[in-house]
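A.B. asks: Pasting start_37.tsv below, which is TSV, C-alpha atoms and all ligand atoms.
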chain	number	residue	atom	x	y	z
A	221	MET	CA	0.00	0.00	0.00
A	222	SER	CA	1.38	3.38	-0.84
A	223	ASN	CA	2.24	5.81	1.89
A	224	LEU	CA	1.05	9.42	2.14
A	225	PHE	CA	4.62	10.68	1.88
A	226	ASP	CA	5.34	8.59	-1.24
A	227	HIS	CA	3.31	11.18	-3.13
A	228	LEU	CA	5.16	14.33	-2.18
A	229	ASN	CA	6.47	16.39	-5.05
A	230	LYS	CA	9.81	15.06	-6.19
A	231	GLY	CA	12.46	17.07	-4.34
A	232	ILE	CA	10.55	17.65	-1.10
A	233	PRO	CA	11.81	14.56	0.79
A	234	ASP	CA	15.42	15.71	0.31
A	235	LEU	CA	14.72	19.34	1.00
A	236	HIS	CA	16.69	20.95	3.79
A	237	PRO	CA	14.42	23.45	5.57
A	238	TYR	CA	15.56	27.06	5.82
A	239	GLU	CA	17.43	27.61	9.09
A	240	PRO	CA	16.72	31.10	10.43
A	241	GLY	CA	19.16	32.90	12.73
A	242	ARG	CA	18.76	32.14	16.48
A	243	SER	CA	16.48	34.65	18.20
A	244	ILE	CA	17.46	36.80	21.16
A	245	ASP	CA	14.78	35.11	23.32
A	246	GLU	CA	16.08	31.63	22.52
A	247	VAL	CA	19.66	32.59	23.31
A	248	VAL	CA	18.69	34.29	26.57
A	249	ALA	CA	16.68	31.21	27.62
A	250	GLU	CA	19.46	28.77	26.74
A	251	TYR	CA	22.68	30.55	27.71
A	252	LYS	CA	21.59	33.41	30.02
A	253	PRO	CA	24.29	35.83	28.83
A	254	GLU	CA	24.44	39.23	30.56
A	255	LYS	CA	23.87	41.02	27.24
A	256	VAL	CA	22.82	39.90	23.75
A	257	VAL	CA	23.89	41.32	20.40
A	258	LYS	CA	22.13	39.80	17.37
A	259	LEU	CA	24.21	39.96	14.20
A	260	ALA	CA	22.68	36.89	12.59
A	261	SER	CA	20.06	37.85	10.01
A	262	ASN	CA	21.29	40.90	8.10
A	263	GLU	CA	18.78	43.23	9.72
A	264	ASN	CA	19.17	47.02	9.93
A	265	PRO	CA	20.82	47.79	13.29
A	266	LEU	CA	19.12	51.22	13.31
A	267	GLY	CA	15.69	49.59	13.04
A	268	PRO	CA	12.94	51.06	10.85
A	269	SER	CA	12.23	54.67	9.99
A	270	PRO	CA	10.89	56.49	13.10
A	271	GLU	CA	7.98	57.65	10.90
A	272	ALA	CA	7.04	54.03	10.18
A	273	VAL	CA	7.17	53.21	13.88
A	274	LYS	CA	4.72	56.05	14.61
A	275	ALA	CA	2.30	54.57	12.06
A	276	LEU	CA	2.45	51.18	13.77
A	277	LYS	CA	1.51	52.69	17.10
A	278	SER	CA	-1.60	54.37	15.69
A	279	HIS	CA	-2.89	51.26	13.91
A	280	ASN	CA	-5.57	50.02	16.27
A	281	ASP	CA	-9.06	50.95	15.10
A	282	ASP	CA	-9.41	49.01	11.85
A	283	LEU	CA	-7.89	45.61	12.50
A	284	HIS	CA	-11.23	43.91	11.70
A	285	LEU	CA	-11.06	45.11	8.08
A	286	TYR	CA	-9.24	43.29	5.30
A	287	PRO	CA	-6.25	45.17	3.94
A	288	ASP	CA	-6.18	46.65	0.44
A	289	GLY	CA	-5.60	43.45	-1.54
A	290	ASP	CA	-4.06	45.45	-4.34
A	291	SER	CA	-1.76	47.56	-2.09
A	292	LYS	CA	-2.63	50.60	-4.23
A	293	LYS	CA	-1.10	53.27	-2.02
A	294	LEU	CA	2.13	51.37	-1.52
A	295	LYS	CA	2.42	50.49	-5.20
A	296	ALA	CA	1.97	54.16	-6.12
A	297	LEU	CA	4.81	55.14	-3.79
A	298	ILE	CA	7.07	52.33	-5.03
A	299	ALA	CA	6.27	53.37	-8.62
A	300	ASN	CA	7.44	56.87	-7.77
A	301	HIS	CA	10.56	55.58	-6.02
A	302	GLU	CA	11.52	53.20	-8.84
A	303	LEU	CA	10.35	55.45	-11.74
A	304	LEU	CA	7.94	52.76	-12.96
A	305	ASN	CA	4.17	52.27	-13.21
A	306	PRO	CA	2.09	50.50	-10.57
A	307	GLU	CA	1.25	47.83	-13.17
A	308	ASN	CA	4.95	46.84	-13.11
A	309	ILE	CA	4.84	46.08	-9.37
A	310	ILE	CA	3.68	43.16	-7.24
A	311	ILE	CA	3.73	43.28	-3.44
A	312	GLY	CA	4.79	40.14	-1.57
A	313	ASN	CA	4.78	38.86	1.98
A	314	GLY	CA	8.50	39.48	2.02
A	315	SER	CA	10.40	39.27	-1.25
A	316	ASN	CA	10.61	35.53	-0.56
A	317	GLU	CA	6.95	35.27	-1.48
A	318	VAL	CA	7.62	36.84	-4.87
A	319	LEU	CA	10.40	34.27	-5.47
A	320	GLU	CA	7.97	31.53	-4.55
A	321	LEU	CA	5.21	32.87	-6.81
A	322	ALA	CA	7.62	32.89	-9.74
A	323	ALA	CA	8.68	29.31	-9.00
A	324	ARG	CA	5.05	28.22	-8.78
A	325	ALA	CA	4.27	29.87	-12.09
A	326	PHE	CA	7.22	28.48	-14.07
A	327	LEU	CA	8.69	25.39	-12.40
A	328	ASN	CA	7.46	21.82	-12.24
A	329	LYS	CA	8.81	18.26	-12.33
A	330	ASP	CA	9.79	18.53	-15.99
A	331	SER	CA	11.82	21.72	-15.62
A	332	SER	CA	15.09	22.92	-14.17
A	333	ALA	CA	16.31	26.15	-12.54
A	334	LEU	CA	19.78	27.60	-12.79
A	335	MET	CA	21.53	29.26	-9.86
A	336	SER	CA	25.00	29.89	-8.53
A	337	LYS	CA	26.64	27.68	-5.95
A	338	HIS	CA	26.55	29.39	-2.50
A	339	ALA	CA	23.49	31.42	-3.58
A	340	PHE	CA	20.67	32.46	-1.24
A	341	ALA	CA	19.03	29.33	0.20
A	342	VAL	CA	15.44	30.11	-0.75
A	343	TYR	CA	16.14	29.53	-4.48
A	344	LYS	CA	16.82	25.86	-3.78
A	345	ILE	CA	13.79	25.55	-1.51
A	346	VAL	CA	11.31	26.98	-4.02
A	347	THR	CA	12.86	25.03	-6.89
A	348	GLN	CA	12.98	21.67	-5.14
A	349	SER	CA	9.50	22.02	-3.68
A	350	SER	CA	8.05	22.49	-7.13
A	351	GLY	CA	9.67	19.19	-8.15
A	352	SER	CA	12.11	20.97	-10.43
A	353	LYS	CA	15.78	20.14	-10.92
A	354	ILE	CA	18.52	22.44	-9.55
A	355	ILE	CA	21.49	23.27	-11.77
A	356	GLU	CA	24.32	24.91	-9.84
A	357	VAL	CA	27.05	26.97	-11.48
A	358	PRO	CA	30.41	27.08	-9.62
A	359	THR	CA	31.48	30.52	-8.36
A	360	ASN	CA	34.55	32.43	-9.47
A	361	ASN	CA	36.36	33.59	-6.33
A	362	TRP	CA	33.00	33.37	-4.48
A	363	LYS	CA	31.32	35.60	-7.09
A	364	HIS	CA	28.43	34.49	-9.34
A	365	ALA	CA	30.17	33.49	-12.61
A	366	LEU	CA	27.46	34.94	-14.85
A	367	ASN	CA	29.57	34.38	-17.99
A	368	GLU	CA	29.39	30.64	-17.29
A	369	PHE	CA	25.62	30.51	-16.79
A	370	PRO	CA	24.61	30.05	-20.46
A	371	ARG	CA	26.86	26.98	-20.70
A	372	TYR	CA	24.88	25.29	-17.93
A	373	LEU	CA	21.43	25.93	-19.41
A	374	GLU	CA	19.44	22.85	-20.36
A	375	ASP	CA	16.43	22.60	-22.68
A	376	SER	CA	14.27	22.20	-19.58
A	377	THR	CA	15.60	25.35	-17.85
A	378	ARG	CA	12.78	27.80	-17.15
A	379	VAL	CA	14.18	30.04	-14.40
A	380	CYS	CA	17.54	31.49	-13.52
A	381	PHE	CA	18.05	32.96	-10.01
A	382	ILE	CA	20.68	35.64	-9.38
A	383	ALA	CA	21.34	37.35	-6.05
A	384	ASN	CA	23.14	40.65	-6.45
A	385	PRO	CA	24.79	41.13	-4.00
A	386	ASN	CA	24.59	37.52	-2.98
A	387	ASN	CA	23.95	36.37	0.55
A	388	PRO	CA	26.10	34.92	2.17
A	389	THR	CA	29.12	35.74	-0.01
A	390	GLY	CA	28.45	39.50	-0.30
A	391	THR	CA	29.83	39.55	-3.86
A	392	TYR	CA	28.12	41.57	-6.58
A	393	ASN	CA	27.93	41.55	-10.39
A	394	THR	CA	28.18	44.67	-12.51
A	395	HIS	CA	25.47	46.01	-14.80
A	396	GLN	CA	27.57	44.99	-17.80
A	397	GLU	CA	28.06	41.45	-16.55
A	398	PHE	CA	24.34	41.14	-15.98
A	399	MET	CA	23.47	42.64	-19.40
A	400	SER	CA	25.82	40.16	-21.09
A	401	LEU	CA	24.00	37.33	-19.37
A	402	MET	CA	20.59	38.69	-20.39
A	403	ASN	CA	21.80	38.97	-23.98
A	404	SER	CA	22.98	35.39	-24.09
A	405	ILE	CA	20.09	33.67	-22.37
A	406	PRO	CA	16.92	32.72	-24.34
A	407	ALA	CA	13.98	35.07	-23.86
A	408	SER	CA	11.95	32.01	-22.84
A	409	VAL	CA	13.92	31.69	-19.58
A	410	LEU	CA	12.78	33.87	-16.68
A	411	VAL	CA	15.71	35.61	-15.01
A	412	ILE	CA	15.08	36.60	-11.40
A	413	LEU	CA	17.40	39.31	-10.18
A	414	ASP	CA	17.23	39.47	-6.40
A	415	LEU	CA	18.27	42.93	-5.19
A	416	ALA	CA	17.56	42.49	-1.46
A	417	TYR	CA	20.79	44.35	-0.59
A	418	PHE	CA	20.62	46.86	-3.47
A	419	GLU	CA	21.01	50.05	-1.40
A	420	TYR	CA	24.21	48.86	0.28
A	421	VAL	CA	26.17	48.73	-2.98
A	422	THR	CA	28.06	51.96	-3.61
A	423	GLU	CA	29.95	50.95	-6.77
A	424	LYS	CA	29.28	53.02	-9.90
A	425	ASP	CA	29.18	49.98	-12.20
A	426	TYR	CA	26.31	48.39	-10.27
A	427	ILE	CA	22.85	47.51	-11.66
A	428	LYS	CA	20.67	50.18	-13.30
A	429	ILE	CA	17.20	48.79	-12.80
A	430	ASN	CA	15.27	50.92	-15.30
A	431	GLU	CA	17.60	50.22	-18.19
A	432	LEU	CA	17.06	46.50	-17.62
A	433	LEU	CA	13.30	46.58	-17.23
A	434	ASP	CA	12.93	48.71	-20.36
A	435	LYS	CA	14.83	46.15	-22.35
A	436	TYR	CA	13.94	42.65	-21.09
A	437	ASN	CA	10.51	41.08	-20.72
A	438	ASN	CA	11.91	37.89	-19.20
A	439	LEU	CA	13.21	39.71	-16.13
A	440	LEU	CA	11.77	39.81	-12.61
A	441	ILE	CA	13.54	42.02	-10.08
A	442	THR	CA	12.85	41.51	-6.38
A	443	LYS	CA	13.43	43.98	-3.55
A	444	THR	CA	12.58	44.01	0.13
A	445	PHE	CA	11.61	46.21	3.05
A	446	SER	CA	13.44	43.78	5.39
A	447	LYS	CA	16.97	45.11	5.00
A	448	ILE	CA	17.68	48.83	4.51
A	449	GLN	CA	14.10	49.70	5.55
A	450	GLY	CA	14.40	47.73	8.78
A	451	LEU	CA	10.92	46.15	8.57
A	452	ALA	CA	11.88	42.44	8.51
A	453	SER	CA	9.28	41.44	11.08
A	454	LEU	CA	6.38	42.84	9.02
A	455	ARG	CA	7.21	40.66	5.98
A	456	ILE	CA	6.89	42.93	3.02
A	457	GLY	CA	8.78	43.06	-0.27
A	458	TYR	CA	8.06	43.54	-3.97
A	459	GLY	CA	8.70	42.41	-7.50
A	460	LEU	CA	9.26	44.58	-10.59
A	461	ALA	CA	8.61	43.28	-14.10
A	462	SER	CA	6.64	43.75	-17.30
A	463	LYS	CA	2.89	44.27	-16.94
A	464	ASP	CA	2.24	40.79	-18.39
A	465	LEU	CA	4.54	39.00	-16.00
A	466	ILE	CA	3.16	40.91	-13.00
A	467	GLY	CA	-0.32	39.93	-14.24
A	468	VAL	CA	0.60	36.25	-14.14
A	469	LEU	CA	2.06	36.46	-10.63
A	470	ASN	CA	-0.99	38.37	-9.41
A	471	LYS	CA	-3.26	35.56	-10.64
A	472	ILE	CA	-1.67	33.05	-8.29
A	473	ARG	CA	-0.98	35.14	-5.20
A	474	GLN	CA	-3.32	35.07	-2.23
A	475	PRO	CA	-5.83	37.93	-2.31
A	476	PHE	CA	-4.59	39.57	0.91
A	477	ASN	CA	-0.98	38.48	0.97
A	478	SER	CA	0.39	41.62	2.60
A	479	ASN	CA	-1.22	42.98	5.74
A	480	ALA	CA	-2.41	46.53	6.34
A	481	ILE	CA	0.13	47.32	9.05
A	482	ALA	CA	3.03	46.29	6.83
A	483	GLN	CA	1.65	48.25	3.87
A	484	ASN	CA	1.20	51.35	5.98
A	485	ALA	CA	4.67	51.16	7.55
A	486	ALA	CA	6.27	50.52	4.16
A	487	CYS	CA	4.51	53.61	2.73
A	488	LEU	CA	6.15	55.80	5.36
A	489	ALA	CA	9.52	54.02	5.30
A	490	ILE	CA	10.00	54.48	1.57
A	491	LEU	CA	9.58	58.25	1.96
A	492	ASP	CA	12.08	58.57	4.80
A	493	HIS	CA	15.20	59.29	2.75
A	494	GLU	CA	17.03	60.60	5.77
A	495	HIS	CA	16.74	57.25	7.55
A	496	ILE	CA	17.71	55.33	4.42
A	497	ASN	CA	20.80	57.50	3.88
A	498	LYS	CA	21.78	57.23	7.53
A	499	SER	CA	21.51	53.44	7.31
A	500	ILE	CA	23.62	53.31	4.15
A	501	GLU	CA	26.29	55.50	5.69
A	502	LEU	CA	26.46	53.52	8.93
A	503	ASN	CA	26.78	50.29	6.98
A	504	SER	CA	29.57	51.60	4.73
A	505	GLN	CA	31.61	52.88	7.68
A	506	GLN	CA	31.06	49.89	9.92
A	507	ARG	CA	31.52	47.32	7.15
A	508	SER	CA	35.01	48.63	6.42
A	509	TYR	CA	35.76	48.95	10.15
A	510	LEU	CA	34.70	45.33	10.79
A	511	MET	CA	36.56	44.06	7.75
A	512	THR	CA	39.78	45.83	8.79
A	513	ARG	CA	39.56	44.52	12.33
A	514	LEU	CA	38.79	40.95	11.19
A	515	ILE	CA	41.77	40.99	8.81
A	516	GLU	CA	44.00	42.34	11.61
A	517	MET	CA	42.89	39.35	13.67
A	518	GLY	CA	44.28	37.08	10.93
A	519	LEU	CA	40.89	36.10	9.53
A	520	GLU	CA	40.09	35.67	5.85
A	521	CYS	CA	37.09	37.77	4.78
A	522	ILE	CA	35.18	37.67	1.50
A	523	PRO	CA	34.97	41.36	0.46
A	524	SER	CA	31.31	42.22	0.91
A	525	HIS	CA	28.97	44.69	-0.75
A	526	GLY	CA	26.05	43.86	1.54
A	527	ASN	CA	25.40	44.47	5.24
A	528	PHE	CA	27.26	41.35	6.37
A	529	ILE	CA	30.69	39.74	6.09
A	530	SER	CA	31.54	36.04	5.79
A	531	PHE	CA	34.92	35.07	7.21
A	532	LYS	CA	36.96	32.01	8.08
A	533	GLY	CA	40.09	31.35	10.07
A	534	ASP	CA	41.76	28.97	12.42
A	535	PHE	CA	38.52	27.88	14.07
A	536	GLN	CA	35.70	25.36	13.83
A	537	ALA	CA	32.75	27.46	12.69
A	538	ASP	CA	30.07	25.40	14.45
A	539	GLU	CA	31.99	25.55	17.76
A	540	LEU	CA	32.74	29.25	17.47
A	541	PHE	CA	29.07	29.92	16.71
A	542	ILE	CA	28.02	28.24	19.98
A	543	ASN	CA	30.81	29.80	22.03
A	544	LEU	CA	29.89	33.26	20.75
A	545	MET	CA	26.25	32.61	21.65
A	546	LYS	CA	27.28	31.69	25.20
A	547	GLU	CA	28.89	35.14	25.33
A	548	GLY	CA	25.69	36.75	24.01
A	549	VAL	CA	26.74	37.28	20.40
A	550	ILE	CA	24.53	35.66	17.75
A	551	VAL	CA	26.13	35.17	14.33
A	552	ARG	CA	25.38	32.64	11.58
A	553	PRO	CA	27.26	29.48	10.62
A	554	ILE	CA	26.75	28.88	6.90
A	555	ALA	CA	27.37	25.17	6.40
A	556	LEU	CA	23.97	25.05	4.71
A	557	TYR	CA	25.53	27.15	1.93
A	558	ASP	CA	28.32	24.63	1.51
A	559	MET	CA	30.65	26.96	3.36
A	560	PRO	CA	31.24	24.95	6.55
A	561	GLU	CA	34.42	26.81	7.57
A	562	PHE	CA	32.74	30.20	7.45
A	563	ILE	CA	30.82	32.40	9.87
A	564	ARG	CA	28.63	35.23	8.60
A	565	VAL	CA	28.30	38.33	10.74
A	566	THR	CA	25.86	41.18	10.10
A	567	VAL	CA	27.26	44.70	10.22
A	568	GLY	CA	25.84	46.28	13.37
A	569	THR	CA	26.29	49.60	15.13
A	570	LYS	CA	29.82	50.50	16.29
A	571	GLU	CA	28.91	49.36	19.80
A	572	GLU	CA	27.52	46.01	18.61
A	573	ASN	CA	30.48	45.40	16.33
A	574	ASP	CA	32.93	46.19	19.13
A	575	TYR	CA	31.16	43.78	21.46
A	576	PHE	CA	31.33	41.06	18.79
A	577	LEU	CA	35.03	41.79	18.11
A	578	LEU	CA	35.83	41.74	21.83
A	579	LYS	CA	34.17	38.35	22.36
A	580	LEU	CA	35.60	36.95	19.13
A	581	GLY	CA	39.12	38.07	20.13
A	582	GLN	CA	38.73	36.33	23.50
A	583	LEU	CA	37.62	33.08	21.85
A	584	LEU	CA	40.23	32.83	19.07
B	601	LIG	C1	19.47	37.54	-1.03
B	601	LIG	C2	18.18	37.58	-0.26
B	601	LIG	N1	17.05	37.63	-0.94
B	601	LIG	C3	15.85	37.65	-0.32
B	601	LIG	C4	15.78	37.63	1.06
B	601	LIG	C5	14.42	37.56	1.68
B	601	LIG	O1	13.99	38.74	2.14
B	601	LIG	P1	12.49	38.98	2.62
B	601	LIG	O2	12.59	39.28	4.07
B	601	LIG	O3	12.04	40.15	1.81
B	601	LIG	O4	11.67	37.77	2.33
B	601	LIG	C6	16.94	37.58	1.82
B	601	LIG	C7	16.86	37.51	3.28
B	601	LIG	O5	17.78	37.38	4.01
B	601	LIG	C8	18.19	37.55	1.14
B	601	LIG	O6	19.33	37.47	1.82
Turn the structure described in the file into structure tokens.
Ligand SMILES: Cc1ncc(COP(=O)(O)O)c(C=O)c1O

C.D. replies:
Amino acid sequence: MSNLFDHLNKGIPDLHPYEPGRSIDEVVAEYKPEKVVKLASNENPLGPSPEAVKALKSHNDDLHLYPDGDSKKLKALIANHELLNPENIIIGNGSNEVLELAARAFLNKDSSALMSKHAFAVYKIVTQSSGSKIIEVPTNNWKHALNEFPRYLEDSTRVCFIANPNNPTGTYNTHQEFMSLMNSIPASVLVILDLAYFEYVTEKDYIKINELLDKYNNLLITKTFSKIQGLASLRIGYGLASKDLIGVLNKIRQPFNSNAIAQNAACLAILDHEHINKSIELNSQQRSYLMTRLIEMGLECIPSHGNFISFKGDFQADELFINLMKEGVIVRPIALYDMPEFIRVTVGTKEENDYFLLKLGQLL
């Protein structure tokens, strides 16, 4: 007799679930450190825009009403911010939901999806859970080797995932590198360009979103309010693409996938340029400070363009992770990304980074 679990989509039995960073509450309960600094999930150490926080506090008289299922106000503000039309935008419950919608629309047991080795974990999860095959392209010095991608395409390939910058490597690809890929990949393959850490990149040769969207109909760009906007707990992100592609994704999304509180906070956050600029500046300064100090400690860092740094050294990453937690510092081991010798640390405030460096120095 066949078993319930014999009928799971191909890929699900071998799927490794996403492992989130340890929470402050969990670490306090388990290790009782005197102080906790969480540098585990690439969150904004300054938190959200103070204007967005005010909106959250006043949101108490209409919780019985469904949210705007079409997120009209937020889409209008994003359209203004991105110099696009609302019809080119889809709102997701985090940008992860947009990745999942795209996988649901294009991937199945007869297809394959292309992605870089050491790329963001959710690409594998959404691909495998749709029964689709994963094709991984080796990295070049930890960077997505976009020039190699076309060589790995198969007839069955329907989606290509690219994180720019990538988490957990922090490497980025230039606009030119990305354009070359777009020009050499068939228009029948959907390319998903995940720009979760877009604002942290300061290089002049980085991605120019509008030029790409004007030119390619097989492109879906994803962005999030979880990183620079500091709204990770509200789960809100968005996708940018042609009107037709957005129309397809809208057909399969849940009617009220983003809640009213998140929409409202995101509307205020996107207008708070002062907070965004302050967050970018803090990250730039503290990223180079952390990197310099880690190198001085004899550690090998992958140069990062995000709000995190992955490093390795003369330590066992899984042991160091636990020992740091006992001292109240939460970082992230990244064995799941096939990088078992590495630890990833999020760039925090100067005070948080110093606390991490102090405890790390004592443990090495
Ligand atoms: C590269 C990348 N893309 C997407 C996400 C998901 O972000 P969201 O919170 O919008 O679902 C993350 C989260 O860490 C990420 O690192």

A.B. asks: Taking into account only C-alpha atoms, which residue in the set A:Ile311, A:Ile427, A:Leu433, A:Leu578 is nearest to Lys295 in chain A?

C.D. replies: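 The shortest atom-to-atom distance to Lys295 in chain A comes from A:Ile311.
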
A.B. asks: Around all the atoms of ligand LIG 601 (chain B) listed in the file, draw an axis-aligned box and extend it by 8 Å on each of the six sides; I want its centre and edge lengths in Å to one decimal, as lines of an AutoDock Vina configuration file.

C.D. replies:
center_x = 15.6
center_y = 38.8
center_z = 1.5
size_x = 23.8
size_y = 18.8
size_z = 21.1

A.B. asks: Just the number, please: distance in Å from CA of Lys532 in chain A to CA of Pro253 in chain A, one decimal.

C.D. replies: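 Separation of CA of Lys532 in chain A and CA of Pro253 in chain A: 24.6 Å.
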
A.B. asks: Give me, please, the distance in Å between CA of Ile429 in chain A and CA of Asp290 in chain A, quoted to one decimal.

C.D. replies: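 CA of Asp290 in chain A lies 23.1 Å from CA of Ile429 in chain A.
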
A.B. asks: Set the cut-off to 6 Å, count all atoms listed in the file, and list whatever residues fall near ligand LIG 601 (chain B) as an mmCIF file with C-alpha atoms, in the frame of the given file.

C.D. replies:
data_model
loop_
_atom_site.group_PDB
_atom_site.id
_atom_site.type_symbol
_atom_site.label_atom_id
_atom_site.label_comp_id
_atom_site.auth_asym_id
_atom_site.auth_seq_id
_atom_site.Cartn_x
_atom_site.Cartn_y
_atom_site.Cartn_z
ATOM 1 C CA GLY A 314 8.500 39.480 2.020
ATOM 2 C CA SER A 315 10.400 39.270 -1.250
ATOM 3 C CA ASN A 316 10.610 35.530 -0.560
ATOM 4 C CA PHE A 340 20.670 32.460 -1.240
ATOM 5 C CA ALA A 383 21.340 37.350 -6.050
ATOM 6 C CA ASN A 386 24.590 37.520 -2.980
ATOM 7 C CA ASN A 387 23.950 36.370 0.550
ATOM 8 C CA ASP A 414 17.230 39.470 -6.400
ATOM 9 C CA ALA A 416 17.560 42.490 -1.460
ATOM 10 C CA THR A 444 12.580 44.010 0.130
ATOM 11 C CA SER A 446 13.440 43.780 5.390
ATOM 12 C CA ALA A 452 11.880 42.440 8.510
ATOM 13 C CA ARG A 455 7.210 40.660 5.980
ATOM 14 C CA ILE A 456 6.890 42.930 3.020
ATOM 15 C CA GLY A 457 8.780 43.060 -0.270
#

A.B. asks: Of the candidates A:Asn367, A:Glu494, A:Gly518, A:Asn305, which shows the shortest atom-to-atom distance to Gly533 in chain A, using all atoms listed in the file?

C.D. replies: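 Distance minimum relative to Gly533 in chain A lands on A:Gly518.
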
A.B. asks: Have a look at CA of Glu356 in chain A and CA of Ile563 in chain A and let me know their distance in Å, one decimal.

C.D. replies: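 Spanning CA of Glu356 in chain A to CA of Ile563 in chain A is a straight-line distance of 22.1 Å.
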